[in-house]
>>> print(open('protein_37.json').read())   # JSON, C-alpha atoms and all ligand atoms
[["chain", "number", "residue", "atom", "x", "y", "z"],
["A", 26, "MET", "CA", 0.00, 0.00, 0.00],
["A", 27, "ASN", "CA", 1.60, 3.30, -1.00],
["A", 28, "ASN", "CA", -0.85, 5.70, 0.67],
["A", 29, "GLY", "CA", -0.99, 7.85, -2.44],
["A", 30, "ILE", "CA", -4.13, 9.80, -3.25],
["A", 31, "TYR", "CA", -5.68, 7.11, -5.49],
["A", 32, "ASP", "CA", -5.05, 4.50, -2.83],
["A", 33, "LEU", "CA", -6.87, 6.59, -0.25],
["A", 34, "LEU", "CA", -9.73, 7.37, -2.63],
["A", 35, "GLU", "CA", -10.11, 3.69, -3.46],
["A", 36, "GLN", "CA", -10.31, 2.78, 0.23],
["A", 37, "ALA", "CA", -12.86, 5.53, 0.84],
["A", 38, "LEU", "CA", -14.96, 4.47, -2.15],
["A", 39, "LEU", "CA", -14.99, 0.81, -1.22],
["A", 40, "SER", "CA", -15.60, 1.34, 2.49],
["A", 41, "ASP", "CA", -18.98, -0.03, 3.63],
["A", 42, "CYS", "CA", -18.97, 2.02, 6.80],
["A", 43, "PRO", "CA", -20.22, 5.63, 6.53],
["A", 44, "ASP", "CA", -18.03, 6.80, 9.44],
["A", 45, "GLU", "CA", -14.90, 5.24, 7.99],
["A", 46, "LYS", "CA", -15.75, 6.53, 4.52],
["A", 47, "GLY", "CA", -16.02, 10.01, 6.02],
["A", 48, "ARG", "CA", -12.66, 9.77, 7.78],
["A", 49, "LEU", "CA", -10.90, 8.47, 4.68],
["A", 50, "THR", "CA", -12.45, 11.25, 2.59],
["A", 51, "GLU", "CA", -11.14, 13.82, 5.06],
["A", 52, "ALA", "CA", -7.68, 12.22, 4.93],
["A", 53, "ALA", "CA", -7.79, 12.45, 1.10],
["A", 54, "PHE", "CA", -8.81, 16.11, 1.40],
["A", 55, "GLU", "CA", -5.85, 16.88, 3.70],
["A", 56, "LEU", "CA", -3.47, 15.16, 1.28],
["A", 57, "SER", "CA", -4.92, 17.00, -1.72],
["A", 58, "ARG", "CA", -4.39, 20.39, -0.02],
["A", 59, "ARG", "CA", -0.67, 19.93, 0.55],
["A", 60, "ASN", "CA", 1.61, 22.38, -1.23],
["A", 61, "GLY", "CA", 2.50, 21.25, -4.73],
["A", 62, "PHE", "CA", -0.07, 18.43, -4.70],
["A", 63, "GLN", "CA", 0.09, 16.26, -7.82],
["A", 64, "PRO", "CA", -1.76, 12.96, -8.13],
["A", 65, "GLU", "CA", 0.86, 10.23, -8.55],
["A", 66, "ALA", "CA", 1.15, 8.36, -11.83],
["A", 67, "ALA", "CA", -1.18, 5.43, -11.37],
["A", 68, "GLY", "CA", -2.59, 2.48, -13.25],
["A", 69, "ARG", "CA", -6.17, 1.95, -14.22],
["A", 70, "PRO", "CA", -8.96, 2.56, -11.71],
["A", 71, "LEU", "CA", -10.90, -0.48, -10.49],
["A", 72, "ASP", "CA", -14.07, -1.11, -12.42],
["A", 73, "PHE", "CA", -16.63, -1.80, -9.72],
["A", 74, "ARG", "CA", -20.36, -1.97, -10.29],
["A", 75, "VAL", "CA", -21.23, -0.66, -6.83],
["A", 76, "ALA", "CA", -19.36, 1.57, -4.41],
["A", 77, "GLY", "CA", -19.07, 0.67, -0.73],
["A", 78, "ARG", "CA", -22.30, 1.10, 1.19],
["A", 79, "PRO", "CA", -23.71, -0.42, 4.37],
["A", 80, "PRO", "CA", -26.05, -3.46, 4.03],
["A", 81, "LYS", "CA", -28.95, -1.16, 4.92],
["A", 82, "PRO", "CA", -30.78, 0.77, 3.47],
["A", 83, "LEU", "CA", -32.34, -1.90, 1.36],
["A", 84, "LEU", "CA", -32.31, -0.79, -2.27],
["A", 85, "VAL", "CA", -35.52, -0.91, -4.29],
["A", 86, "ALA", "CA", -36.69, 0.48, -7.63],
["A", 87, "PRO", "CA", -37.53, 4.22, -7.45],
["A", 88, "SER", "CA", -41.23, 3.40, -7.95],
["A", 89, "GLN", "CA", -41.22, 1.10, -4.90],
["A", 90, "VAL", "CA", -39.98, 3.61, -2.34],
["A", 91, "THR", "CA", -42.70, 4.05, 0.29],
["A", 92, "PRO", "CA", -44.55, 7.36, -0.17],
["A", 93, "ARG", "CA", -43.45, 9.98, 2.36],
["A", 94, "LYS", "CA", -46.41, 11.40, 4.18],
["A", 95, "MET", "CA", -45.14, 14.46, 5.97],
["A", 96, "ASN", "CA", -47.96, 14.45, 8.54],
["A", 97, "THR", "CA", -46.68, 11.41, 10.45],
["A", 98, "VAL", "CA", -43.38, 11.23, 12.36],
["A", 99, "GLU", "CA", -42.43, 8.17, 10.38],
["A", 100, "GLY", "CA", -43.28, 9.80, 7.06],
["A", 101, "TYR", "CA", -41.31, 12.89, 7.99],
["A", 102, "ALA", "CA", -38.33, 10.73, 9.00],
["A", 103, "ALA", "CA", -38.62, 8.83, 5.69],
["A", 104, "MET", "CA", -38.34, 12.14, 3.85],
["A", 105, "LEU", "CA", -35.24, 13.10, 5.86],
["A", 106, "HIS", "CA", -33.87, 9.61, 5.21],
["A", 107, "ALA", "CA", -34.25, 10.09, 1.45],
["A", 108, "ILE", "CA", -32.13, 13.26, 1.65],
["A", 109, "THR", "CA", -29.58, 11.49, 3.88],
["A", 110, "HIS", "CA", -29.31, 8.75, 1.27],
["A", 111, "ILE", "CA", -28.82, 11.26, -1.53],
["A", 112, "GLU", "CA", -25.97, 12.79, 0.47],
["A", 113, "PHE", "CA", -24.43, 9.35, 1.03],
["A", 114, "ASN", "CA", -24.56, 8.61, -2.69],
["A", 115, "ALA", "CA", -23.18, 12.07, -3.40],
["A", 116, "VAL", "CA", -20.08, 11.24, -1.32],
["A", 117, "ASN", "CA", -19.45, 8.15, -3.46],
["A", 118, "LEU", "CA", -20.14, 10.05, -6.68],
["A", 119, "ALA", "CA", -17.68, 12.84, -5.90],
["A", 120, "LEU", "CA", -15.03, 10.36, -4.71],
["A", 121, "ASP", "CA", -15.53, 8.40, -7.90],
["A", 122, "ALA", "CA", -14.99, 11.48, -10.10],
["A", 123, "ALA", "CA", -11.72, 12.23, -8.29],
["A", 124, "TYR", "CA", -10.62, 8.58, -8.43],
["A", 125, "ARG", "CA", -11.70, 7.41, -11.86],
["A", 126, "PHE", "CA", -10.70, 10.06, -14.34],
["A", 127, "ARG", "CA", -6.92, 10.09, -14.53],
["A", 128, "ARG", "CA", -4.74, 12.30, -16.70],
["A", 129, "LEU", "CA", -6.84, 15.33, -15.81],
["A", 130, "PRO", "CA", -5.26, 18.34, -14.06],
["A", 131, "ALA", "CA", -4.55, 18.14, -10.31],
["A", 132, "ALA", "CA", -7.21, 20.83, -9.84],
["A", 133, "PHE", "CA", -9.88, 18.38, -11.08],
["A", 134, "VAL", "CA", -8.91, 15.83, -8.42],
["A", 135, "GLN", "CA", -8.74, 18.56, -5.75],
["A", 136, "ASP", "CA", -12.14, 19.94, -6.73],
["A", 137, "TRP", "CA", -13.95, 16.59, -6.51],
["A", 138, "ILE", "CA", -12.28, 15.66, -3.24],
["A", 139, "ARG", "CA", -13.46, 18.98, -1.81],
["A", 140, "VAL", "CA", -16.98, 18.22, -3.03],
["A", 141, "ALA", "CA", -16.76, 14.74, -1.44],
["A", 142, "LYS", "CA", -15.70, 16.28, 1.87],
["A", 143, "GLU", "CA", -18.68, 18.68, 1.77],
["A", 144, "GLU", "CA", -21.03, 15.77, 0.98],
["A", 145, "VAL", "CA", -19.67, 13.92, 4.01],
["A", 146, "TYR", "CA", -20.56, 16.99, 6.08],
["A", 147, "HIS", "CA", -24.09, 17.07, 4.61],
["A", 148, "PHE", "CA", -24.53, 13.35, 5.27],
["A", 149, "ARG", "CA", -23.51, 13.75, 8.91],
["A", 150, "LEU", "CA", -25.79, 16.74, 9.43],
["A", 151, "MET", "CA", -28.79, 14.95, 7.91],
["A", 152, "ARG", "CA", -28.06, 11.76, 9.83],
["A", 153, "GLU", "CA", -28.06, 13.80, 13.03],
["A", 154, "ARG", "CA", -31.49, 15.17, 12.17],
["A", 155, "LEU", "CA", -32.77, 11.63, 11.57],
["A", 156, "ARG", "CA", -31.31, 10.47, 14.87],
["A", 157, "SER", "CA", -32.97, 13.35, 16.68],
["A", 158, "LEU", "CA", -36.30, 11.79, 15.61],
["A", 159, "GLY", "CA", -35.27, 8.36, 16.87],
["A", 160, "PHE", "CA", -34.36, 6.93, 13.45],
["A", 161, "ASP", "CA", -31.09, 6.27, 11.68],
["A", 162, "TYR", "CA", -29.63, 5.85, 8.22],
["A", 163, "GLY", "CA", -30.73, 2.43, 6.95],
["A", 164, "ASP", "CA", -34.15, 2.42, 8.62],
["A", 165, "PHE", "CA", -36.05, 2.98, 5.35],
["A", 166, "GLU", "CA", -35.58, 1.57, 1.88],
["A", 167, "ALA", "CA", -33.93, 3.71, -0.79],
["A", 168, "HIS", "CA", -33.14, 3.70, -4.49],
["A", 169, "ASN", "CA", -29.83, 4.00, -6.22],
["A", 170, "HIS", "CA", -30.62, 6.15, -9.21],
["A", 171, "LEU", "CA", -27.72, 8.57, -8.63],
["A", 172, "TRP", "CA", -25.08, 5.87, -8.38],
["A", 173, "ASP", "CA", -26.47, 4.03, -11.42],
["A", 174, "MET", "CA", -25.76, 7.14, -13.46],
["A", 175, "ALA", "CA", -22.19, 7.18, -12.17],
["A", 176, "TYR", "CA", -21.72, 3.68, -13.52],
["A", 177, "LYS", "CA", -23.19, 4.56, -16.90],
["A", 178, "THR", "CA", -20.83, 7.53, -17.26],
["A", 179, "ALA", "CA", -17.71, 5.86, -15.84],
["A", 180, "TYR", "CA", -15.90, 5.77, -19.16],
["A", 181, "ASP", "CA", -15.82, 9.49, -19.87],
["A", 182, "PRO", "CA", -15.37, 12.52, -17.58],
["A", 183, "LEU", "CA", -17.13, 14.79, -20.07],
["A", 184, "LEU", "CA", -20.23, 12.60, -20.01],
["A", 185, "ARG", "CA", -20.05, 12.39, -16.20],
["A", 186, "MET", "CA", -19.85, 16.19, -15.84],
["A", 187, "ALA", "CA", -22.70, 16.67, -18.33],
["A", 188, "LEU", "CA", -25.16, 14.20, -16.87],
["A", 189, "VAL", "CA", -24.44, 13.99, -13.15],
["A", 190, "PRO", "CA", -23.70, 17.52, -11.85],
["A", 191, "ARG", "CA", -25.43, 19.39, -14.68],
["A", 192, "VAL", "CA", -28.60, 17.27, -14.73],
["A", 193, "LEU", "CA", -29.07, 15.18, -11.60],
["A", 194, "GLU", "CA", -27.37, 17.33, -8.98],
["A", 195, "ALA", "CA", -28.78, 20.51, -10.50],
["A", 196, "ARG", "CA", -32.24, 18.96, -10.00],
["A", 197, "GLY", "CA", -31.56, 19.23, -6.27],
["A", 198, "LEU", "CA", -31.51, 23.02, -6.67],
["A", 199, "ASP", "CA", -35.06, 22.87, -8.06],
["A", 200, "VAL", "CA", -36.53, 20.72, -5.30],
["A", 201, "THR", "CA", -34.72, 21.94, -2.16],
["A", 202, "PRO", "CA", -36.62, 25.25, -1.74],
["A", 203, "ALA", "CA", -40.00, 23.41, -1.74],
["A", 204, "ILE", "CA", -38.76, 20.82, 0.76],
["A", 205, "ARG", "CA", -37.39, 23.60, 2.94],
["A", 206, "ALA", "CA", -40.76, 25.36, 2.88],
["A", 207, "LYS", "CA", -42.51, 22.18, 4.09],
["A", 208, "VAL", "CA", -39.90, 21.65, 6.81],
["A", 209, "ALA", "CA", -40.33, 25.28, 7.93],
["A", 210, "GLN", "CA", -44.09, 24.76, 8.05],
["A", 211, "LYS", "CA", -43.50, 21.96, 10.54],
["A", 212, "GLY", "CA", -41.45, 24.37, 12.65],
["A", 213, "ASP", "CA", -38.27, 22.26, 12.33],
["A", 214, "GLN", "CA", -35.76, 25.11, 12.32],
["A", 215, "GLU", "CA", -32.73, 22.88, 12.81],
["A", 216, "THR", "CA", -33.44, 20.91, 9.65],
["A", 217, "CYS", "CA", -34.08, 24.20, 7.81],
["A", 218, "SER", "CA", -30.56, 25.32, 8.78],
["A", 219, "VAL", "CA", -29.09, 22.05, 7.48],
["A", 220, "LEU", "CA", -31.01, 22.42, 4.20],
["A", 221, "ASP", "CA", -29.65, 25.96, 3.86],
["A", 222, "ILE", "CA", -26.08, 24.66, 4.14],
["A", 223, "ILE", "CA", -26.79, 21.89, 1.63],
["A", 224, "TYR", "CA", -28.43, 24.30, -0.84],
["A", 225, "ARG", "CA", -25.54, 26.77, -0.64],
["A", 226, "ASP", "CA", -22.91, 24.07, -1.14],
["A", 227, "GLU", "CA", -24.81, 22.31, -3.93],
["A", 228, "ILE", "CA", -24.73, 25.48, -6.02],
["A", 229, "GLY", "CA", -20.94, 25.24, -5.72],
["A", 230, "HIS", "CA", -20.97, 21.56, -6.71],
["A", 231, "VAL", "CA", -23.03, 22.18, -9.83],
["A", 232, "GLU", "CA", -20.74, 25.11, -10.63],
["A", 233, "THR", "CA", -17.73, 22.78, -10.31],
["A", 234, "GLY", "CA", -19.37, 20.34, -12.74],
["A", 235, "ASN", "CA", -20.20, 23.16, -15.12],
["A", 236, "ARG", "CA", -16.66, 24.49, -15.08],
["A", 237, "TRP", "CA", -15.11, 21.10, -15.87],
["A", 238, "TYR", "CA", -17.74, 20.39, -18.51],
["A", 239, "GLN", "CA", -16.74, 23.61, -20.28],
["A", 240, "HIS", "CA", -13.06, 22.79, -19.84],
["A", 241, "LEU", "CA", -13.40, 19.30, -21.34],
["A", 242, "CYS", "CA", -15.53, 20.57, -24.25],
["A", 243, "GLN", "CA", -12.94, 23.22, -25.02],
["A", 244, "GLU", "CA", -10.11, 20.71, -24.83],
["A", 245, "ARG", "CA", -11.89, 18.46, -27.34],
["A", 246, "GLY", "CA", -13.03, 21.28, -29.61],
["A", 247, "LEU", "CA", -16.72, 20.56, -28.92],
["A", 248, "GLU", "CA", -19.50, 23.13, -28.74],
["A", 249, "PRO", "CA", -20.91, 22.78, -25.19],
["A", 250, "VAL", "CA", -24.51, 23.90, -25.71],
["A", 251, "ALA", "CA", -25.17, 21.80, -28.81],
["A", 252, "LEU", "CA", -23.40, 18.78, -27.31],
["A", 253, "PHE", "CA", -25.45, 18.99, -24.12],
["A", 254, "ARG", "CA", -28.68, 19.02, -26.10],
["A", 255, "ARG", "CA", -27.61, 15.88, -27.95],
["A", 256, "LEU", "CA", -26.58, 14.14, -24.72],
["A", 257, "ILE", "CA", -29.80, 14.77, -22.83],
["A", 258, "ALA", "CA", -31.82, 13.60, -25.84],
["A", 259, "ARG", "CA", -29.74, 10.45, -26.22],
["A", 260, "TYR", "CA", -29.89, 9.56, -22.53],
["A", 261, "ASP", "CA", -33.54, 10.45, -22.27],
["A", 262, "MET", "CA", -32.97, 13.09, -19.59],
["A", 263, "PHE", "CA", -34.56, 16.45, -19.08],
["A", 264, "ILE", "CA", -34.17, 19.74, -17.25],
["A", 265, "PHE", "CA", -37.55, 21.41, -17.75],
["A", 266, "ARG", "CA", -40.15, 19.35, -15.97],
["A", 267, "GLY", "CA", -41.83, 20.87, -12.96],
["A", 268, "TYR", "CA", -40.28, 23.88, -11.26],
["A", 269, "VAL", "CA", -36.85, 24.91, -12.55],
["A", 270, "ASN", "CA", -34.77, 27.15, -10.29],
["A", 271, "ILE", "CA", -33.34, 29.48, -12.92],
["A", 272, "GLU", "CA", -31.75, 31.83, -10.41],
["A", 273, "ALA", "CA", -29.79, 29.02, -8.67],
["A", 274, "ARG", "CA", -28.79, 27.51, -12.00],
["A", 275, "GLU", "CA", -27.45, 30.87, -13.18],
["A", 276, "ARG", "CA", -25.44, 31.13, -9.97],
["A", 277, "ALA", "CA", -24.14, 27.61, -10.69],
["A", 278, "GLY", "CA", -22.79, 28.72, -14.07],
["A", 279, "PHE", "CA", -25.59, 28.01, -16.56],
["A", 280, "SER", "CA", -26.10, 30.95, -18.90],
["A", 281, "ARG", "CA", -29.58, 32.33, -19.44],
["A", 282, "PHE", "CA", -29.04, 31.78, -23.15],
["A", 283, "GLU", "CA", -28.37, 28.06, -22.65],
["A", 284, "LEU", "CA", -31.35, 27.64, -20.31],
["A", 285, "ASP", "CA", -33.68, 29.34, -22.81],
["A", 286, "MET", "CA", -32.32, 27.17, -25.62],
["A", 287, "LEU", "CA", -32.79, 24.03, -23.53],
["A", 288, "GLU", "CA", -36.34, 24.91, -22.64],
["A", 289, "ASP", "CA", -37.23, 25.38, -26.31],
["A", 290, "PHE", "CA", -35.37, 22.24, -27.29],
["A", 291, "GLU", "CA", -37.13, 20.09, -24.69],
["A", 292, "LYS", "CA", -40.50, 21.51, -25.74],
["A", 293, "SER", "CA", -39.79, 20.52, -29.32],
["A", 294, "LEU", "CA", -38.64, 17.04, -28.19],
["A", 295, "LYS", "CA", -41.90, 16.57, -26.33],
["A", 296, "GLN", "CA", -43.81, 17.52, -29.44],
["A", 297, "GLY", "CA", -41.93, 14.80, -31.29],
["A", 298, "LYS", "CA", -39.83, 17.04, -33.52],
["A", 299, "THR", "CA", -36.27, 17.32, -32.32],
["A", 300, "GLY", "CA", -35.37, 20.49, -34.22],
["A", 301, "ASN", "CA", -31.80, 19.20, -34.07],
["B", 401, "FE", "FE", -24.74, 17.38, -0.69]]
>>> encode(input="protein_37.json", output="structure tokens")
Amino acid sequence: MNNGIYDLLEQALLSDCPDEKGRLTEAAFELSRRNGFQPEAAGRPLDFRVAGRPPKPLLVAPSQVTPRKMNTVEGYAAMLHAITHIEFNAVNLALDAAYRFRRLPAAFVQDWIRVAKEEVYHFRLMRERLRSLGFDYGDFEAHNHLWDMAYKTAYDPLLRMALVPRVLEARGLDVTPAIRAKVAQKGDQETCSVLDIIYRDEIGHVETGNRWYQHLCQERGLEPVALFRRLIARYDMFIFRGYVNIEARERAGFSRFELDMLEDFEKSLKQGKTGN
């Protein structure tokens, strides 16, 4: 074992224990902040289908997750559990970006380790909120949609940046304000404060994804707006369904021009004419 950065990231990714995963992520962060940090030359990353996770929560298809009725303690806890699980997956996703895509600048590795460290913080904060209600992470079933997308995009950092931070994580910016409003209505100020931290940091994470997406497009001589339209059509993804938080997306580096173009494009896709 050489205790290089990839070694640490691999241990963190494969760890089944959330506490240990958190500690290893923090150790990787410390290492990545040292003066003159450069990821060591390394071989190929391991190709694993699933990252380390505890035996519970039980994973089910998204459609089988029990509905979360906010008016019961259990329903409210299930909703908090869903967010806790997203944060847990987000730790693995950010670690995987730092670990998997080699031959990218040191700043790429540093950025995604920083994101992973912030996701560890979010996970701990949310888990505390769950525990305050007498529940814990693993007490409800969950789905693995976020991680599945990591696996599908494991062969190309450009695809990963396009579809995970710019589509899936950006979706969090749309839904968090509504969740926060419901939590505030219940008078749970402590959870509101945690959601505020998460929301603030997630804008930064989407911005990080946006920045590297632009960088990789430029490096390959690809036009980012047109390419993104083709990718979301090919992978059957969407941005404009339900409420879209334009203000947060602009702060996360989407241009108004691109958002307007996407909205039109998705409308035309829905009508069955791609316009592309
Ligand atoms: Fe997060």
>>> residues_near_ligand(input="protein_37.json", ligand="ligand FE 401 (chain B)", cutoff="6 Å", atoms="all atoms listed in the file", output="list in words")
Glu112, Glu144, His147, Ile223 and Glu227 of chain A
>>> residues_around(input="protein_37.json", residues="Ala66 in chain A", least_positions_apart="3", cutoff="9 Å", atoms="all atoms listed in the file", output="list in words")
Gln63, Arg127 and Arg128 of chain A
>>> closest_residue(input="protein_37.json", among="A:Arg59, A:Arg236, A:Arg125, A:Lys211", to="Thr178 in chain A", atoms="all atoms listed in the file")
A:Arg125
>>> closest_residue(input="protein_37.json", among="A:Asp261, A:Pro190, A:Glu215, A:Tyr176", to="Phe73 in chain A", atoms="only C-alpha atoms")
A:Tyr176
>>> closest_residue(input="protein_37.json", among="A:Phe282, A:Phe113, A:Tyr180, A:Tyr162", to="Leu83 in chain A", atoms="only C-alpha atoms")
A:Tyr162
>>> residues_around(input="protein_37.json", residues="range 241-256 of chain A", least_positions_apart="5", cutoff="9 Å", atoms="all atoms listed in the file", output="VMD selection string")
chain A and resid 182 to 184 187 to 188 236 261 to 262 283 286 to 287 290 to 291 301
>>> write_last_selection(input="protein_37.json", atoms="C-alpha atoms", output="PDB file, in the coordinates of the input")
ATOM      1  CA  PRO A 182     -15.370  12.520 -17.580  1.00  0.00           C
ATOM      2  CA  LEU A 183     -17.130  14.790 -20.070  1.00  0.00           C
ATOM      3  CA  LEU A 184     -20.230  12.600 -20.010  1.00  0.00           C
ATOM      4  CA  ALA A 187     -22.700  16.670 -18.330  1.00  0.00           C
ATOM      5  CA  LEU A 188     -25.160  14.200 -16.870  1.00  0.00           C
ATOM      6  CA  ARG A 236     -16.660  24.490 -15.080  1.00  0.00           C
ATOM      7  CA  ASP A 261     -33.540  10.450 -22.270  1.00  0.00           C
ATOM      8  CA  MET A 262     -32.970  13.090 -19.590  1.00  0.00           C
ATOM      9  CA  GLU A 283     -28.370  28.060 -22.650  1.00  0.00           C
ATOM     10  CA  MET A 286     -32.320  27.170 -25.620  1.00  0.00           C
ATOM     11  CA  LEU A 287     -32.790  24.030 -23.530  1.00  0.00           C
ATOM     12  CA  PHE A 290     -35.370  22.240 -27.290  1.00  0.00           C
ATOM     13  CA  GLU A 291     -37.130  20.090 -24.690  1.00  0.00           C
ATOM     14  CA  ASN A 301     -31.800  19.200 -34.070  1.00  0.00           C
TER      15      ASN A 301
END
>>> closest_residue(input="protein_37.json", among="A:Trp172, A:Tyr224, A:Phe265, A:Phe165", to="Pro82 in chain A", atoms="all atoms listed in the file")
A:Phe165
>>> closest_residue(input="protein_37.json", among="A:Leu198, A:Gly47, A:Asp161, A:Leu171", to="Glu272 in chain A", atoms="all atoms listed in the file")
A:Leu198
>>> closest_residue(input="protein_37.json", among="A:Arg149, A:Lys177, A:His168, A:His110", to="Leu84 in chain A", atoms="all atoms listed in the file")
A:His168
>>> residues_around(input="protein_37.json", residues="His170 in chain A", least_positions_apart="4", cutoff="12 Å", atoms="all atoms listed in the file", output="list in words")
Val75, Leu84, Val85, Ala86, Pro87, Ser88, Val90, Ala107, His110, Ile111, Asn114, Ala115, Leu118, Met174, Ala175, Tyr176, Lys177, Val189, Leu193 and Glu194 of chain A
>>> write_last_selection(input="protein_37.json", atoms="C-alpha atoms", output="compact mmCIF listing (two decimals), in the frame of the given file")
# COMPACT_ATOMS: atom_id res chain seq x y z
CA VAL A 75 -21.23 -0.66 -6.83
CA LEU A 84 -32.31 -0.79 -2.27
CA VAL A 85 -35.52 -0.91 -4.29
CA ALA A 86 -36.69 0.48 -7.63
CA PRO A 87 -37.53 4.22 -7.45
CA SER A 88 -41.23 3.40 -7.95
CA VAL A 90 -39.98 3.61 -2.34
CA ALA A 107 -34.25 10.09 1.45
CA HIS A 110 -29.31 8.75 1.27
CA ILE A 111 -28.82 11.26 -1.53
CA ASN A 114 -24.56 8.61 -2.69
CA ALA A 115 -23.18 12.07 -3.40
CA LEU A 118 -20.14 10.05 -6.68
CA MET A 174 -25.76 7.14 -13.46
CA ALA A 175 -22.19 7.18 -12.17
CA TYR A 176 -21.72 3.68 -13.52
CA LYS A 177 -23.19 4.56 -16.90
CA VAL A 189 -24.44 13.99 -13.15
CA LEU A 193 -29.07 15.18 -11.60
CA GLU A 194 -27.37 17.33 -8.98
>>> atom_distance(input="protein_37.json", atom1="CA of Gly267 in chain A", atom2="CA of Arg205 in chain A")
16.7 Å
>>> residues_around(input="protein_37.json", residues="Pro202 in chain A", least_positions_apart="3", cutoff="12 Å", atoms="only C-alpha atoms", output="PyMOL selection string")
chain A and resi 196-199+205-209+217+220-221+223-225+268-270+272-273
>>> residues_around(input="protein_37.json", residues="Ala119 in chain A", least_positions_apart="2", cutoff="7 Å", atoms="only C-alpha atoms", output="PyMOL selection string")
chain A and resi 115-117+121-123+137-138+140-141
>>> axis_aligned_box(input="protein_37.json", around="range 174-188 of chain A", padding_each_side="8 Å", output="lines of an AutoDock Vina configuration file")
center_x = -20.6
center_y = 10.2
center_z = -16.1
size_x = 26.4
size_y = 29.0
size_z = 23.9
>>> atom_distance(input="protein_37.json", atom1="CA of Gln36 in chain A", atom2="CA of Ala179 in chain A")
18.0 Å
>>> atom_distance(input="protein_37.json", atom1="CA of Leu105 in chain A", atom2="CA of Arg152 in chain A")
8.3 Å
>>> decode(input="protein_37.json", residues="range 284-297 of chain A", atoms="N, CA and C atoms", output="PDB file, in the first residue's frame")
ATOM      1  N   LEU A 284     -30.108  28.106 -20.944  1.00  0.00           N
ATOM      2  CA  LEU A 284     -31.346  27.638 -20.311  1.00  0.00           C
ATOM      3  C   LEU A 284     -32.546  27.874 -21.229  1.00  0.00           C
ATOM      4  N   ASP A 285     -32.577  29.045 -21.874  1.00  0.00           N
ATOM      5  CA  ASP A 285     -33.677  29.337 -22.810  1.00  0.00           C
ATOM      6  C   ASP A 285     -33.659  28.353 -23.984  1.00  0.00           C
ATOM      7  N   MET A 286     -32.462  28.104 -24.504  1.00  0.00           N
ATOM      8  CA  MET A 286     -32.319  27.171 -25.622  1.00  0.00           C
ATOM      9  C   MET A 286     -32.798  25.779 -25.217  1.00  0.00           C
ATOM     10  N   LEU A 287     -32.414  25.370 -24.007  1.00  0.00           N
ATOM     11  CA  LEU A 287     -32.787  24.032 -23.531  1.00  0.00           C
ATOM     12  C   LEU A 287     -34.294  23.898 -23.375  1.00  0.00           C
ATOM     13  N   GLU A 288     -34.892  24.966 -22.850  1.00  0.00           N
ATOM     14  CA  GLU A 288     -36.341  24.913 -22.640  1.00  0.00           C
ATOM     15  C   GLU A 288     -37.053  24.724 -23.990  1.00  0.00           C
ATOM     16  N   ASP A 289     -36.640  25.502 -24.970  1.00  0.00           N
ATOM     17  CA  ASP A 289     -37.229  25.381 -26.311  1.00  0.00           C
ATOM     18  C   ASP A 289     -36.982  23.998 -26.895  1.00  0.00           C
ATOM     19  N   PHE A 290     -35.758  23.533 -26.729  1.00  0.00           N
ATOM     20  CA  PHE A 290     -35.371  22.238 -27.288  1.00  0.00           C
ATOM     21  C   PHE A 290     -36.208  21.115 -26.668  1.00  0.00           C
ATOM     22  N   GLU A 291     -36.372  21.150 -25.355  1.00  0.00           N
ATOM     23  CA  GLU A 291     -37.135  20.093 -24.691  1.00  0.00           C
ATOM     24  C   GLU A 291     -38.609  20.150 -25.082  1.00  0.00           C
ATOM     25  N   LYS A 292     -39.110  21.367 -25.269  1.00  0.00           N
ATOM     26  CA  LYS A 292     -40.502  21.515 -25.736  1.00  0.00           C
ATOM     27  C   LYS A 292     -40.652  20.831 -27.100  1.00  0.00           C
ATOM     28  N   SER A 293     -39.688  21.082 -27.977  1.00  0.00           N
ATOM     29  CA  SER A 293     -39.788  20.517 -29.316  1.00  0.00           C
ATOM     30  C   SER A 293     -39.600  18.997 -29.261  1.00  0.00           C
ATOM     31  N   LEU A 294     -38.785  18.498 -28.339  1.00  0.00           N
ATOM     32  CA  LEU A 294     -38.636  17.043 -28.194  1.00  0.00           C
ATOM     33  C   LEU A 294     -39.959  16.420 -27.788  1.00  0.00           C
ATOM     34  N   LYS A 295     -40.627  17.082 -26.833  1.00  0.00           N
ATOM     35  CA  LYS A 295     -41.896  16.566 -26.334  1.00  0.00           C
ATOM     36  C   LYS A 295     -42.923  16.504 -27.461  1.00  0.00           C
ATOM     37  N   GLN A 296     -42.844  17.491 -28.332  1.00  0.00           N
ATOM     38  CA  GLN A 296     -43.810  17.520 -29.436  1.00  0.00           C
ATOM     39  C   GLN A 296     -43.410  16.546 -30.543  1.00  0.00           C
ATOM     40  N   GLY A 297     -42.318  15.840 -30.342  1.00  0.00           N
ATOM     41  CA  GLY A 297     -41.932  14.801 -31.291  1.00  0.00           C
ATOM     42  C   GLY A 297     -41.104  15.282 -32.466  1.00  0.00           C
TER      43      GLY A 297
END
